[in-house]
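Content type CSV, C-alpha atoms, from the file upload25.csv:
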chain,number,residue,atom,x,y,z
A,1,MET,CA,-5.8,-2.1,-1.5
A,2,ASN,CA,-5.8,-0.8,2.1
A,3,LEU,CA,-8.9,-0.9,4.2
A,4,HIS,CA,-9.8,1.6,6.9
A,5,GLU,CA,-9.7,0.5,10.5
A,6,TYR,CA,-13.5,0.3,10.8
A,7,GLN,CA,-13.7,-1.9,7.7
A,8,ALA,CA,-11.1,-4.3,8.8
A,9,LYS,CA,-12.8,-4.5,12.2
A,10,ASP,CA,-16.1,-5.4,10.5
A,11,PHE,CA,-14.6,-8.4,8.8
A,12,LEU,CA,-12.8,-9.6,12.0
A,13,ARG,CA,-16.1,-9.1,13.9
A,14,GLN,CA,-17.9,-11.3,11.4
A,15,HIS,CA,-15.4,-14.0,12.0
A,16,GLY,CA,-15.8,-14.0,15.8
A,17,VAL,CA,-13.1,-11.6,17.0
A,18,PRO,CA,-14.3,-9.6,20.0
A,19,ILE,CA,-14.4,-5.9,18.8
A,20,PRO,CA,-15.8,-3.0,20.8
A,21,GLU,CA,-19.1,-1.5,19.6
A,22,GLY,CA,-18.6,1.5,17.3
A,23,GLU,CA,-20.0,3.4,14.3
A,24,ILE,CA,-18.7,5.8,11.7
A,25,ALA,CA,-19.5,9.5,11.8
A,26,THR,CA,-19.0,12.2,9.2
A,27,THR,CA,-20.2,15.2,11.3
A,28,PRO,CA,-19.7,16.2,14.9
A,29,ALA,CA,-23.4,15.8,15.6
A,30,GLU,CA,-23.3,12.2,14.3
A,31,ALA,CA,-20.4,11.5,16.6
A,32,GLY,CA,-22.3,12.8,19.6
A,33,GLU,CA,-25.4,10.8,18.7
A,34,ILE,CA,-23.3,7.6,18.4
A,35,ALA,CA,-21.7,8.2,21.8
A,36,ARG,CA,-25.2,8.7,23.2
A,37,ARG,CA,-26.3,5.4,21.9
A,38,ILE,CA,-23.2,3.6,23.2
A,39,GLY,CA,-23.9,5.1,26.6
A,40,ARG,CA,-20.3,4.8,27.9
A,41,PRO,CA,-17.0,6.7,27.4
A,42,VAL,CA,-15.8,6.4,23.8
A,43,VAL,CA,-12.8,6.9,21.7
A,44,VAL,CA,-13.0,9.1,18.6
A,45,LYS,CA,-10.6,7.9,16.0
A,46,ALA,CA,-9.7,9.5,12.7
A,47,GLN,CA,-10.1,7.1,9.7
A,48,VAL,CA,-7.3,7.8,7.3
A,49,LEU,CA,-5.0,5.3,5.5
A,50,THR,CA,-1.8,6.3,7.3
A,51,GLY,CA,-0.1,5.7,10.6
A,52,GLY,CA,0.7,8.2,13.4
A,53,ARG,CA,-2.9,9.2,14.0
A,54,GLY,CA,-2.5,9.2,17.8
A,55,LYS,CA,0.6,11.4,17.7
A,56,ALA,CA,-1.1,13.8,15.3
A,57,GLY,CA,-4.1,14.2,17.6
A,58,GLY,CA,-6.4,12.1,15.6
A,59,VAL,CA,-7.4,9.7,18.5
A,60,LYS,CA,-9.2,11.2,21.5
A,61,LEU,CA,-11.0,9.9,24.5
A,62,ALA,CA,-14.5,11.4,25.2
A,63,SER,CA,-16.4,10.8,28.5
A,64,THR,CA,-19.8,12.3,27.3
A,65,PRO,CA,-21.7,12.7,24.1
A,66,ALA,CA,-21.1,16.4,24.2
A,67,GLU,CA,-17.4,15.8,24.6
A,68,ALA,CA,-17.4,13.3,21.7
A,69,GLU,CA,-19.1,15.9,19.5
A,70,ALA,CA,-16.5,18.5,20.4
A,71,VAL,CA,-13.6,16.1,19.9
A,72,ALA,CA,-15.0,15.1,16.5
A,73,ALA,CA,-15.2,18.7,15.4
A,74,LYS,CA,-11.5,19.1,16.0
A,75,ILE,CA,-10.5,15.8,14.3
A,76,LEU,CA,-12.8,16.1,11.2
A,77,GLY,CA,-10.9,18.1,8.5
A,78,MET,CA,-7.6,17.5,10.2
A,79,ASP,CA,-4.6,16.8,7.9
A,80,ILE,CA,-2.6,13.8,9.0
A,81,ARG,CA,0.5,13.2,6.9
A,82,GLY,CA,-1.2,14.6,3.8
A,83,HIS,CA,-4.5,12.7,4.5
A,84,VAL,CA,-7.6,14.8,5.3
A,85,VAL,CA,-9.9,13.3,7.8
A,86,HIS,CA,-13.4,12.9,6.3
A,87,ARG,CA,-14.8,10.4,8.9
A,88,VAL,CA,-14.2,9.2,12.4
A,89,LEU,CA,-14.9,6.0,14.2
A,90,VAL,CA,-16.7,6.5,17.5
A,91,THR,CA,-16.1,3.3,19.5
A,92,GLU,CA,-16.5,2.1,23.0
A,93,ALA,CA,-13.5,2.9,25.2
A,94,ALA,CA,-11.8,-0.2,26.8
A,95,GLU,CA,-9.8,-0.5,30.0
A,96,ILE,CA,-6.4,-2.0,29.2
A,97,ALA,CA,-4.3,-4.0,31.5
A,98,ARG,CA,-1.9,-5.2,28.8
A,99,GLU,CA,-1.3,-4.8,25.1
A,100,LEU,CA,-0.3,-7.5,22.6
A,101,TYR,CA,0.3,-7.6,18.9
A,102,LEU,CA,-1.1,-10.3,16.6
A,103,GLY,CA,-0.8,-10.3,12.8
A,104,ALA,CA,-0.4,-12.4,9.7
A,105,ILE,CA,1.2,-11.8,6.3
A,106,VAL,CA,1.7,-13.6,3.0
A,107,ASP,CA,5.4,-14.3,3.2
A,108,ARG,CA,7.0,-14.8,-0.3
A,109,SER,CA,10.3,-16.2,1.1
A,110,SER,CA,8.6,-19.1,2.9
A,111,LYS,CA,5.7,-19.3,0.3
A,112,SER,CA,3.2,-19.4,3.2
A,113,ILE,CA,1.2,-17.3,5.6
A,114,VAL,CA,3.3,-16.3,8.6
A,115,PHE,CA,1.8,-15.4,11.9
A,116,MET,CA,3.6,-12.9,14.1
A,117,ALA,CA,2.8,-12.2,17.8
A,118,SER,CA,4.5,-10.0,20.4
A,119,ALA,CA,4.0,-9.0,24.0
A,120,GLU,CA,5.0,-5.5,22.8
A,121,GLY,CA,1.7,-4.4,21.4
A,122,GLY,CA,0.5,-0.9,20.8
A,123,ILE,CA,3.6,0.2,18.9
A,124,ASP,CA,4.7,-0.3,15.3
A,125,ILE,CA,5.7,-3.9,14.8
A,126,GLU,CA,8.5,-2.6,12.5
A,127,GLU,CA,10.0,-0.8,15.5
A,128,VAL,CA,9.8,-3.9,17.6
A,129,ALA,CA,11.5,-5.9,14.8
A,130,ARG,CA,14.3,-3.3,14.6
A,131,THR,CA,15.0,-2.8,18.3
A,132,MET,CA,13.7,-6.0,19.9
A,133,PRO,CA,13.5,-8.8,17.2
A,134,GLU,CA,13.6,-11.4,19.9
A,135,LYS,CA,10.2,-10.2,21.1
A,136,ILE,CA,8.5,-11.4,18.0
A,137,LEU,CA,7.2,-14.9,17.8
A,138,ARG,CA,6.6,-16.5,14.4
A,139,ARG,CA,4.7,-19.5,13.1
A,140,SER,CA,4.4,-20.5,9.4
A,141,VAL,CA,1.1,-21.9,8.2
A,142,ASP,CA,1.1,-25.1,6.1
A,143,PRO,CA,-0.9,-24.1,2.9
A,144,LEU,CA,-2.6,-27.5,2.9
A,145,LEU,CA,-3.2,-28.1,6.6
A,146,GLY,CA,-4.0,-24.5,7.5
A,147,PHE,CA,-3.4,-22.8,10.9
A,148,ALA,CA,-3.5,-25.6,13.4
A,149,GLU,CA,-4.9,-25.2,16.9
A,150,PHE,CA,-1.7,-26.2,18.5
A,151,GLN,CA,0.2,-23.5,16.7
A,152,ALA,CA,-2.2,-20.8,17.9
A,153,ARG,CA,-1.9,-22.1,21.5
A,154,GLU,CA,1.9,-22.2,21.2
A,155,LEU,CA,1.8,-18.5,20.4
A,156,GLY,CA,-0.5,-17.8,23.3
A,157,PHE,CA,1.8,-19.5,25.8
A,158,GLY,CA,4.8,-17.9,24.2
A,159,LEU,CA,3.2,-14.5,25.0
A,160,GLY,CA,2.9,-15.4,28.6
A,161,LEU,CA,-0.8,-15.7,28.7
A,162,ALA,CA,-2.5,-17.5,31.5
A,163,PRO,CA,-3.8,-21.0,30.6
A,164,SER,CA,-7.4,-19.7,31.0
A,165,GLN,CA,-6.7,-17.1,28.3
A,166,VAL,CA,-4.9,-19.3,25.8
A,167,GLY,CA,-8.1,-20.8,24.4
A,168,ALA,CA,-9.6,-17.3,23.7
A,169,PHE,CA,-6.4,-16.2,22.1
A,170,ALA,CA,-6.3,-19.3,19.9
A,171,LYS,CA,-9.8,-18.6,18.8
A,172,ILE,CA,-9.0,-15.0,17.8
A,173,ALA,CA,-5.8,-16.1,16.0
A,174,ARG,CA,-7.6,-18.7,13.9
A,175,ALA,CA,-10.4,-16.2,13.2
A,176,LEU,CA,-7.8,-13.8,11.9
A,177,HIS,CA,-6.4,-16.5,9.7
A,178,GLY,CA,-9.8,-17.3,8.3
A,179,THR,CA,-10.5,-13.6,7.6
A,180,LEU,CA,-7.1,-13.2,5.8
A,181,VAL,CA,-7.7,-16.3,3.6
A,182,GLU,CA,-11.3,-15.5,2.8
A,183,CYS,CA,-10.6,-11.9,1.8
A,184,ASP,CA,-7.4,-12.7,-0.1
A,185,ALA,CA,-5.5,-10.3,2.2
A,186,THR,CA,-1.8,-10.0,2.1
A,187,LEU,CA,-1.6,-8.5,5.6
A,188,LEU,CA,-4.0,-8.5,8.6
A,189,GLU,CA,-3.1,-7.3,12.1
A,190,ILE,CA,-4.7,-6.5,15.4
A,191,ASN,CA,-2.6,-3.9,17.3
A,192,PRO,CA,-3.3,-3.7,20.1
A,193,LEU,CA,-5.0,-6.9,21.0
A,194,ALA,CA,-5.8,-5.7,24.5
A,195,ILE,CA,-6.2,-7.7,27.7
A,196,THR,CA,-8.7,-6.0,30.0
A,197,PRO,CA,-8.5,-5.9,33.8
A,198,THR,CA,-11.0,-8.8,33.9
A,199,GLY,CA,-8.7,-10.9,31.6
A,200,ASP,CA,-10.7,-10.7,28.4
A,201,LEU,CA,-9.0,-10.2,25.0
A,202,VAL,CA,-10.4,-7.4,22.8
A,203,GLY,CA,-9.2,-6.2,19.4
A,204,LEU,CA,-8.9,-2.4,19.7
A,205,ASP,CA,-7.3,-1.6,16.3
A,206,ALA,CA,-6.9,-3.4,13.0
A,207,LYS,CA,-5.1,-3.0,9.7
A,208,MET,CA,-5.9,-5.0,6.5
A,209,VAL,CA,-4.3,-4.9,3.0
A,210,VAL,CA,-6.1,-6.8,0.3
A,211,ASP,CA,-4.4,-8.2,-2.8
A,212,ASP,CA,-5.4,-6.0,-5.7
A,213,ASN,CA,-5.0,-9.0,-8.1
A,214,ALA,CA,-7.7,-10.9,-6.3
A,215,LEU,CA,-10.3,-8.2,-6.2
A,216,TYR,CA,-12.1,-9.6,-9.3
A,217,ARG,CA,-13.3,-12.4,-6.9
A,218,HIS,CA,-14.5,-9.9,-4.2
A,219,LYS,CA,-16.8,-7.3,-5.7
A,220,THR,CA,-17.9,-6.3,-2.2
A,221,LEU,CA,-14.3,-5.6,-1.2
A,222,GLU,CA,-13.7,-3.6,-4.4
A,223,ALA,CA,-16.7,-1.4,-3.4
A,224,LEU,CA,-14.9,-0.5,-0.1
A,225,ARG,CA,-12.0,1.2,-1.9
A,226,ASP,CA,-11.6,4.8,-0.7
A,227,ALA,CA,-10.5,6.6,-3.9
A,228,SER,CA,-10.1,9.9,-2.0
A,229,GLU,CA,-7.2,8.3,0.0
A,230,GLU,CA,-5.3,7.2,-3.1
A,231,ASN,CA,-2.6,9.2,-4.8
A,232,PRO,CA,-4.4,10.7,-7.9
A,233,ILE,CA,-1.7,9.6,-10.3
A,234,GLU,CA,-1.8,6.0,-8.9
A,235,ARG,CA,-5.6,6.0,-9.1
A,236,ARG,CA,-5.6,7.1,-12.8
A,237,ALA,CA,-2.9,4.5,-13.6
A,238,ARG,CA,-5.0,1.7,-12.0
A,239,GLU,CA,-8.0,2.8,-14.0
A,240,GLU,CA,-6.0,2.6,-17.2
A,241,GLY,CA,-4.5,-0.8,-16.3
A,242,ILE,CA,-0.9,0.5,-15.8
A,243,THR,CA,1.1,-0.6,-12.8
A,244,TYR,CA,2.4,2.6,-11.2
A,245,VAL,CA,3.8,3.4,-7.7
A,246,LYS,CA,4.7,7.0,-6.8
A,247,LEU,CA,8.2,7.5,-5.3
A,248,ASP,CA,10.0,10.6,-4.1
A,249,GLY,CA,12.7,11.0,-6.8
A,250,THR,CA,13.1,13.2,-9.9
A,251,ILE,CA,13.6,10.6,-12.7
A,252,GLY,CA,10.5,9.2,-14.3
A,253,CYS,CA,10.7,5.5,-15.3
A,254,ILE,CA,8.7,3.8,-18.0
A,255,VAL,CA,9.7,0.2,-18.3
A,256,ASN,CA,8.2,-3.1,-19.6
A,257,GLY,CA,8.3,-5.8,-17.0
A,258,ALA,CA,8.3,-5.6,-13.2
A,259,GLY,CA,11.8,-7.2,-12.8
A,260,LEU,CA,13.3,-4.8,-15.3
A,261,ALA,CA,11.6,-1.9,-13.6
A,262,MET,CA,13.2,-2.8,-10.3
A,263,ALA,CA,16.6,-3.2,-12.0
A,264,THR,CA,16.1,0.2,-13.7
A,265,MET,CA,15.4,1.9,-10.3
A,266,ASP,CA,18.5,0.2,-8.9
A,267,VAL,CA,20.8,1.4,-11.7
A,268,ILE,CA,19.5,4.9,-11.5
A,269,LYS,CA,20.3,5.0,-7.8
A,270,LEU,CA,23.7,3.5,-8.6
A,271,TYR,CA,24.6,6.5,-10.7
A,272,GLY,CA,23.4,9.0,-8.2
A,273,GLY,CA,19.8,9.6,-9.3
A,274,GLU,CA,16.5,9.0,-7.5
A,275,PRO,CA,13.6,7.3,-9.3
A,276,ALA,CA,10.3,9.2,-9.2
A,277,ASN,CA,8.1,6.1,-9.8
A,278,PHE,CA,7.8,2.4,-10.5
A,279,LEU,CA,5.9,2.0,-13.8
A,280,ASP,CA,5.4,-1.2,-15.8
A,281,ILE,CA,3.6,-0.7,-19.1
A,282,GLY,CA,3.3,-4.5,-19.5
A,283,GLY,CA,3.7,-6.7,-22.5
A,284,GLY,CA,2.7,-5.7,-26.1
A,285,ALA,CA,2.4,-2.0,-25.1
A,286,ARG,CA,1.0,-0.1,-28.0
A,287,ALA,CA,0.9,3.7,-28.7
A,288,GLU,CA,-2.1,4.4,-26.5
A,289,ARG,CA,-0.5,2.7,-23.5
A,290,VAL,CA,2.8,4.5,-24.1
A,291,THR,CA,1.0,7.8,-24.4
A,292,SER,CA,-0.8,7.3,-21.1
A,293,ALA,CA,2.3,6.2,-19.3
A,294,LEU,CA,4.3,9.2,-20.4
A,295,GLU,CA,1.4,11.5,-19.5
A,296,LEU,CA,1.2,9.9,-16.1
A,297,VAL,CA,4.9,10.3,-15.4
A,298,LEU,CA,5.0,13.9,-16.5
A,299,SER,CA,2.0,14.8,-14.4
A,300,ASP,CA,4.3,14.5,-11.4
A,301,PRO,CA,5.8,18.0,-11.0
A,302,LYS,CA,8.9,16.6,-9.4
A,303,VAL,CA,10.0,14.7,-12.6
A,304,GLU,CA,13.0,16.4,-14.2
A,305,ALA,CA,13.8,13.7,-16.8
A,306,VAL,CA,12.3,10.5,-18.1
A,307,LEU,CA,13.9,7.1,-18.9
A,308,PHE,CA,12.2,4.7,-21.3
A,309,ASN,CA,13.9,1.3,-20.7
A,310,ILE,CA,12.6,-1.3,-23.1
A,311,PHE,CA,13.7,-4.9,-23.5
A,312,GLY,CA,12.0,-6.3,-26.6
A,313,GLY,CA,10.3,-9.6,-26.1
A,314,ILE,CA,6.5,-9.7,-26.1
A,315,THR,CA,6.8,-6.0,-26.4
A,316,ARG,CA,8.6,-5.3,-29.7
A,317,CYS,CA,11.0,-2.4,-29.8
A,318,ASP,CA,9.5,-1.0,-33.0
A,319,GLU,CA,6.0,-0.9,-31.4
A,320,VAL,CA,7.3,1.1,-28.5
A,321,ALA,CA,9.3,3.4,-30.8
A,322,ARG,CA,6.1,4.2,-32.7
A,323,GLY,CA,4.3,4.6,-29.4
A,324,ILE,CA,6.9,7.1,-28.2
A,325,LEU,CA,6.5,9.2,-31.3
A,326,THR,CA,2.7,9.1,-31.1
A,327,ALA,CA,3.0,10.1,-27.4
A,328,LEU,CA,5.3,13.0,-28.1
A,329,SER,CA,2.9,14.3,-30.9
A,330,ALA,CA,-0.2,13.8,-28.7
A,331,LEU,CA,1.2,15.5,-25.6
A,332,GLY,CA,2.8,18.4,-27.4
A,333,GLU,CA,4.3,20.9,-25.0
A,334,VAL,CA,3.6,18.6,-22.0
A,335,ALA,CA,6.1,16.1,-23.5
A,336,ARG,CA,8.8,18.8,-23.8
A,337,ARG,CA,8.7,19.6,-20.1
A,338,ALA,CA,11.5,17.1,-19.3
A,339,PRO,CA,14.3,15.5,-21.2
A,340,LEU,CA,13.7,12.0,-22.5
A,341,VAL,CA,16.3,9.2,-22.6
A,342,ILE,CA,15.5,6.0,-24.4
A,343,ARG,CA,17.1,2.6,-24.2
A,344,LEU,CA,16.0,-0.2,-26.6
A,345,ALA,CA,17.3,-3.8,-26.7
A,346,GLY,CA,15.8,-7.0,-28.1
A,347,VAL,CA,13.2,-7.9,-30.7
A,348,ASN,CA,13.1,-5.5,-33.6
A,349,GLU,CA,15.7,-3.3,-31.9
A,350,ASP,CA,17.1,-2.0,-35.2
A,351,GLU,CA,13.7,-1.1,-36.6
A,352,GLY,CA,12.8,0.7,-33.4
A,353,ARG,CA,16.1,2.6,-33.6
A,354,ARG,CA,15.4,3.6,-37.2
A,355,ILE,CA,12.0,4.9,-36.3
A,356,LEU,CA,13.4,7.0,-33.5
A,357,GLN,CA,16.2,8.4,-35.7
A,358,SER,CA,13.6,9.6,-38.2
A,359,ALA,CA,12.5,12.0,-35.4
A,360,ASN,CA,16.0,12.9,-34.4
A,361,LEU,CA,15.8,10.7,-31.3
A,362,VAL,CA,18.7,8.4,-30.2
A,363,ALA,CA,18.3,5.2,-28.3
A,364,PHE,CA,21.0,3.7,-26.1
A,365,THR,CA,21.7,-0.1,-26.1
A,366,SER,CA,23.4,-0.3,-22.7
A,367,MET,CA,21.3,0.2,-19.6
A,368,PRO,CA,24.2,1.8,-17.6
A,369,GLU,CA,24.8,4.3,-20.4
A,370,ALA,CA,21.1,5.2,-20.4
A,371,ALA,CA,21.0,5.5,-16.6
A,372,ARG,CA,24.1,7.8,-16.6
A,373,ALA,CA,22.5,9.9,-19.3
A,374,VAL,CA,19.1,10.3,-17.6
A,375,VAL,CA,20.8,11.2,-14.3
A,376,ALA,CA,22.9,13.9,-16.1
A,377,ALA,CA,19.7,15.1,-17.8
A,378,ALA,CA,17.9,15.4,-14.5
A,379,SER,CA,20.7,17.4,-13.0
A,380,ASN,CA,20.8,19.8,-16.0
A,381,THR,CA,18.5,22.6,-15.0
A,382,THR,CA,18.6,24.1,-18.5
A,383,GLY,CA,16.6,21.3,-19.9
A,384,GLU,CA,18.8,20.7,-23.0
A,385,ALA,CA,17.7,18.8,-26.0
A,386,ARG,CA,16.3,15.3,-25.7
A,387,ARG,CA,18.6,12.3,-26.3

Please re-express this file's structure in C-alpha cells.
Amino acid sequence: MNLHEYQAKDFLRQHGVPIPEGEIATTPAEAGEIARRIGRPVVVKAQVLTGGRGKAGGVKLASTPAEAEAVAAKILGMDIRGHVVHRVLVTEAAEIARELYLGAIVDRSSKSIVFMASAEGGIDIEEVARTMPEKILRRSVDPLLGFAEFQARELGFGLGLAPSQVGAFAKIARALHGTLVECDATLLEINPLAITPTGDLVGLDAKMVVDDNALYRHKTLEALRDASEENPIERRAREEGITYVKLDGTIGCIVNGAGLAMATMDVIKLYGGEPANFLDIGGGARAERVTSALELVLSDPKVEAVLFNIFGGITRCDEVARGILTALSALGEVARRAPLVIRLAGVNEDEGRRILQSANLVAFTSMPEAARAVVAAASNTTGEARR
C-alpha cells in the first residue's frame, strides 16, 4: 500500500525527522488560508501516488497567500499520469544548499533491511543507479542488532558531510529505520534530504510503501489507504481476496500459485504474447473464486484471450473445471468476449478434463502448448471458438 507524501512525512515527523510545517488543502481557499497561517513562502504540491509531479506542473512555489490560492486552483483537478489531483500539500518553502537521498528497503536477496544514501539527491534513485551506481552507498542492517549508530555515521561521512552534520544525519537515518520497522514498510525514502544554507538537514519529500500482508496489525495504517488512487480492478480483487496486478498486455492470466503465475507470464512472452495481468486465485479455489477471477480479467477491455493455467495440488483440477463451467454459465455473454485456453495438470487431472469435455472444452497438459495457443487466440481478431 502506497502512502501519500504528507502521510509519510507525518510518520517521519513523529519519529523525530525534521520536516517543514505543512497542511493538506482540498480547495484553493484552504490553500491560501494555510499559507497565511504559515506566514512565509510556501510550496504547493499535488498529492498523487505517482512520480513526475514537478515536471507535470504539480509542484509550485508561492510567495503570498493569494499566490498560493491561485497556484492551488491550477493544480487541483490536474491529471498527472492518469491520477487526478484531489488534494495539495501546502508546506513551508526551504532554502536548499545541497540535496541528498536517503532511503531503506526490505531486500529479499540479503534477507535484511538495506539502507541507501547518495549525494545525488532530488532525482529518481533508479536513474542514479542506472547512470552512476558508484554514487550510491549501501549498508545492510542486522535483523537482530538493528541499525547501528556507527553504520549511520559511516553513511554520513561517505556523503561528504561535515563532522558537525554527521550526528544530525545519523539521528535522521535511525529515525527512518524506526519508522520503517514500526510501520512494516517495505520502502521508505527521503528525497531530497536537503541541507540548508545554515547547515541544517531537512526532509523535503518522502515516499512510503507498506506491506499489505502486515496491515492486519496496523488498523490506523489501513485507514490511510486512498482507494481513489487504486486501479479499480485491483481494488475489487483485493476486496475479494484475489491477488491481482494490472499489466499492459492483451492475454489475461488466471493461475493458482504465485510462482506458477510468474512462470506463466514468462512463457507467454517467450511465445510472443504480452500478459495483461498477474492473478493468483490461491489454493483450493472454488467456483465462486474462479467466477470472480474470470470476471475481473474480462473487465479489462484490453484482454483479447484468457489462459487458465492450473497445476493441481491443494487446488484440485476437477474443482477448477467445475468452477470454470460455473463461471461461464454465470457470466454469459461476458465470458464469450474473449477466447479461453485451459491447461490442467496434477491432482484429479483426468476428472477435470472429463468435466470440461462435457461442455466441449479441451484442456492442454503442456504449458508451452497452452501458451502458444493463447498467443494465437489473442492474435486472432475473429474470436474463433474457445479451446

At a cut-off of 7 Å, using all atoms listed in the file, what residues contact Asn277 (chain A)? Leave out same-chain residues fewer than 5 positions from it and give the result as a compact mmCIF listing (two decimals) with C-alpha atoms, in the frame of the given file.
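Result saved to around05.txt:
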# COMPACT_ATOMS: atom_id res chain seq x y z
CA TYR A 244 2.40 2.60 -11.20
CA VAL A 245 3.80 3.40 -7.70
CA LYS A 246 4.70 7.00 -6.80
CA LEU A 247 8.20 7.50 -5.30
CA GLY A 252 10.50 9.20 -14.30
CA CYS A 253 10.70 5.50 -15.30

task: Tell me which of A:Leu187, A:Met367, A:Ile125, A:Ala287 sits closest to Leu137 (chain A), counting all atoms listed in the file.
output: A:Ile125

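One finds CA of Thr91 (chain A) at 8.5 Å from CA of Ile34 (chain A).
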
task: Just the residues within 9 Å of region 82-89 of chain A, please, counting all atoms listed in the file, with nothing from its chain fewer than 6 positions along; format it as a PyMOL selection string.
output: chain A and resi 5-6+22-27+31+43-50+58+72+75-76+229

field: Interatomic distance (Å, one decimal) between CA of Glu149 (chain A) and CA of Phe115 (chain A)
entry: 12.9 Å

message: Counting all atoms listed in the file, I want the residues whose atoms come within 9 Å of (14.6, 6.3, -31.0) in the file frame, returned as a ChimeraX atom specification.
response: /A:321-322,324-325,342-344,352-364,387

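With only C-alpha atoms as the atoms that count, the residue of A:Leu161, A:Cys183, A:Ala194, A:Ile310 with the shortest distance to Leu221 (chain A) is A:Cys183.
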
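Once Ile105 (chain A) and its same-chain neighbours fewer than 6 positions away are set aside, Ser112, Ile113, Val114, Phe115, Met116, Leu180, Ala185, Thr186, Leu187, Leu188 and Glu189 of chain A remain within 9 Å of it when counting only C-alpha atoms.
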
C-alpha atoms of the current selection, written as a PDB file, in the frame of the given file:
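What ended up in result_5.pdb:
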ATOM      1  CA  SER A 112       3.200 -19.400   3.200  1.00  0.00           C
ATOM      2  CA  ILE A 113       1.200 -17.300   5.600  1.00  0.00           C
ATOM      3  CA  VAL A 114       3.300 -16.300   8.600  1.00  0.00           C
ATOM      4  CA  PHE A 115       1.800 -15.400  11.900  1.00  0.00           C
ATOM      5  CA  MET A 116       3.600 -12.900  14.100  1.00  0.00           C
ATOM      6  CA  LEU A 180      -7.100 -13.200   5.800  1.00  0.00           C
ATOM      7  CA  ALA A 185      -5.500 -10.300   2.200  1.00  0.00           C
ATOM      8  CA  THR A 186      -1.800 -10.000   2.100  1.00  0.00           C
ATOM      9  CA  LEU A 187      -1.600  -8.500   5.600  1.00  0.00           C
ATOM     10  CA  LEU A 188      -4.000  -8.500   8.600  1.00  0.00           C
ATOM     11  CA  GLU A 189      -3.100  -7.300  12.100  1.00  0.00           C
TER      12      GLU A 189
END

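Taking CA of Thr179 (chain A) and CA of Gly146 (chain A) as the two end points, the separation is 12.7 Å.
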
Produce a table with one row for each residue of region 161-276 of chain A that has an atom at most 12 Å from any atom of region 314-319 of chain A, each row naming the nearest atom pair and its distance in Å at one decimal; use all atoms listed in the file; arrange rows by chain and rising residue number; format as JSON lines.
{"residue": "A:Val255", "atom": "CA", "partner": "A:Thr315", "partner_atom": "CA", "distance": 10.6}
{"residue": "A:Asn256", "atom": "CA", "partner": "A:Thr315", "partner_atom": "CA", "distance": 7.5}
{"residue": "A:Gly257", "atom": "CA", "partner": "A:Thr315", "partner_atom": "CA", "distance": 9.5}

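The shortest atom-to-atom distance to Thr64 (chain A), with all atoms listed in the file taken into account, belongs to A:Glu92 out of A:Glu134, A:Glu154, A:Glu92, A:Asp79.
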
Starting from the incomplete input, reconstruct all heavy atoms of region 354-358 of chain A and write that as a short mmCIF file (atom, residue, chain, number, x, y, z; two decimals), in the coordinates of the input.
data_model
loop_
_atom_site.label_atom_id
_atom_site.label_comp_id
_atom_site.auth_asym_id
_atom_site.auth_seq_id
_atom_site.Cartn_x
_atom_site.Cartn_y
_atom_site.Cartn_z
N ARG A 354 15.62 2.85 -35.96
CA ARG A 354 15.40 3.60 -37.20
C ARG A 354 14.23 4.53 -37.09
O ARG A 354 14.28 5.69 -37.55
CB ARG A 354 15.22 2.62 -38.37
CG ARG A 354 15.14 3.30 -39.74
CD ARG A 354 14.66 2.35 -40.80
NE ARG A 354 13.29 1.90 -40.55
CZ ARG A 354 12.22 2.65 -40.76
NH1 ARG A 354 12.35 3.90 -41.22
NH2 ARG A 354 11.02 2.18 -40.52
N ILE A 355 13.15 4.06 -36.47
CA ILE A 355 12.00 4.90 -36.30
C ILE A 355 12.26 6.11 -35.45
O ILE A 355 11.84 7.23 -35.76
CB ILE A 355 10.82 4.05 -35.67
CG1 ILE A 355 10.35 2.97 -36.66
CG2 ILE A 355 9.65 4.93 -35.24
CD1 ILE A 355 9.42 1.93 -36.07
N LEU A 356 13.01 5.92 -34.39
CA LEU A 356 13.40 7.00 -33.50
C LEU A 356 14.29 8.02 -34.20
O LEU A 356 14.15 9.24 -34.05
CB LEU A 356 14.01 6.51 -32.23
CG LEU A 356 13.10 5.71 -31.29
CD1 LEU A 356 13.90 5.13 -30.13
CD2 LEU A 356 11.96 6.58 -30.75
N GLN A 357 15.23 7.50 -35.01
CA GLN A 357 16.20 8.40 -35.70
C GLN A 357 15.45 9.28 -36.70
O GLN A 357 15.88 10.40 -36.95
CB GLN A 357 17.22 7.53 -36.44
CG GLN A 357 18.25 6.92 -35.50
CD GLN A 357 19.20 5.96 -36.20
OE1 GLN A 357 18.96 5.57 -37.35
NE2 GLN A 357 20.26 5.55 -35.51
N SER A 358 14.32 8.79 -37.24
CA SER A 358 13.60 9.60 -38.20
C SER A 358 13.01 10.87 -37.50
O SER A 358 12.65 11.84 -38.17
CB SER A 358 12.41 8.80 -38.77
OG SER A 358 11.43 8.50 -37.78
#
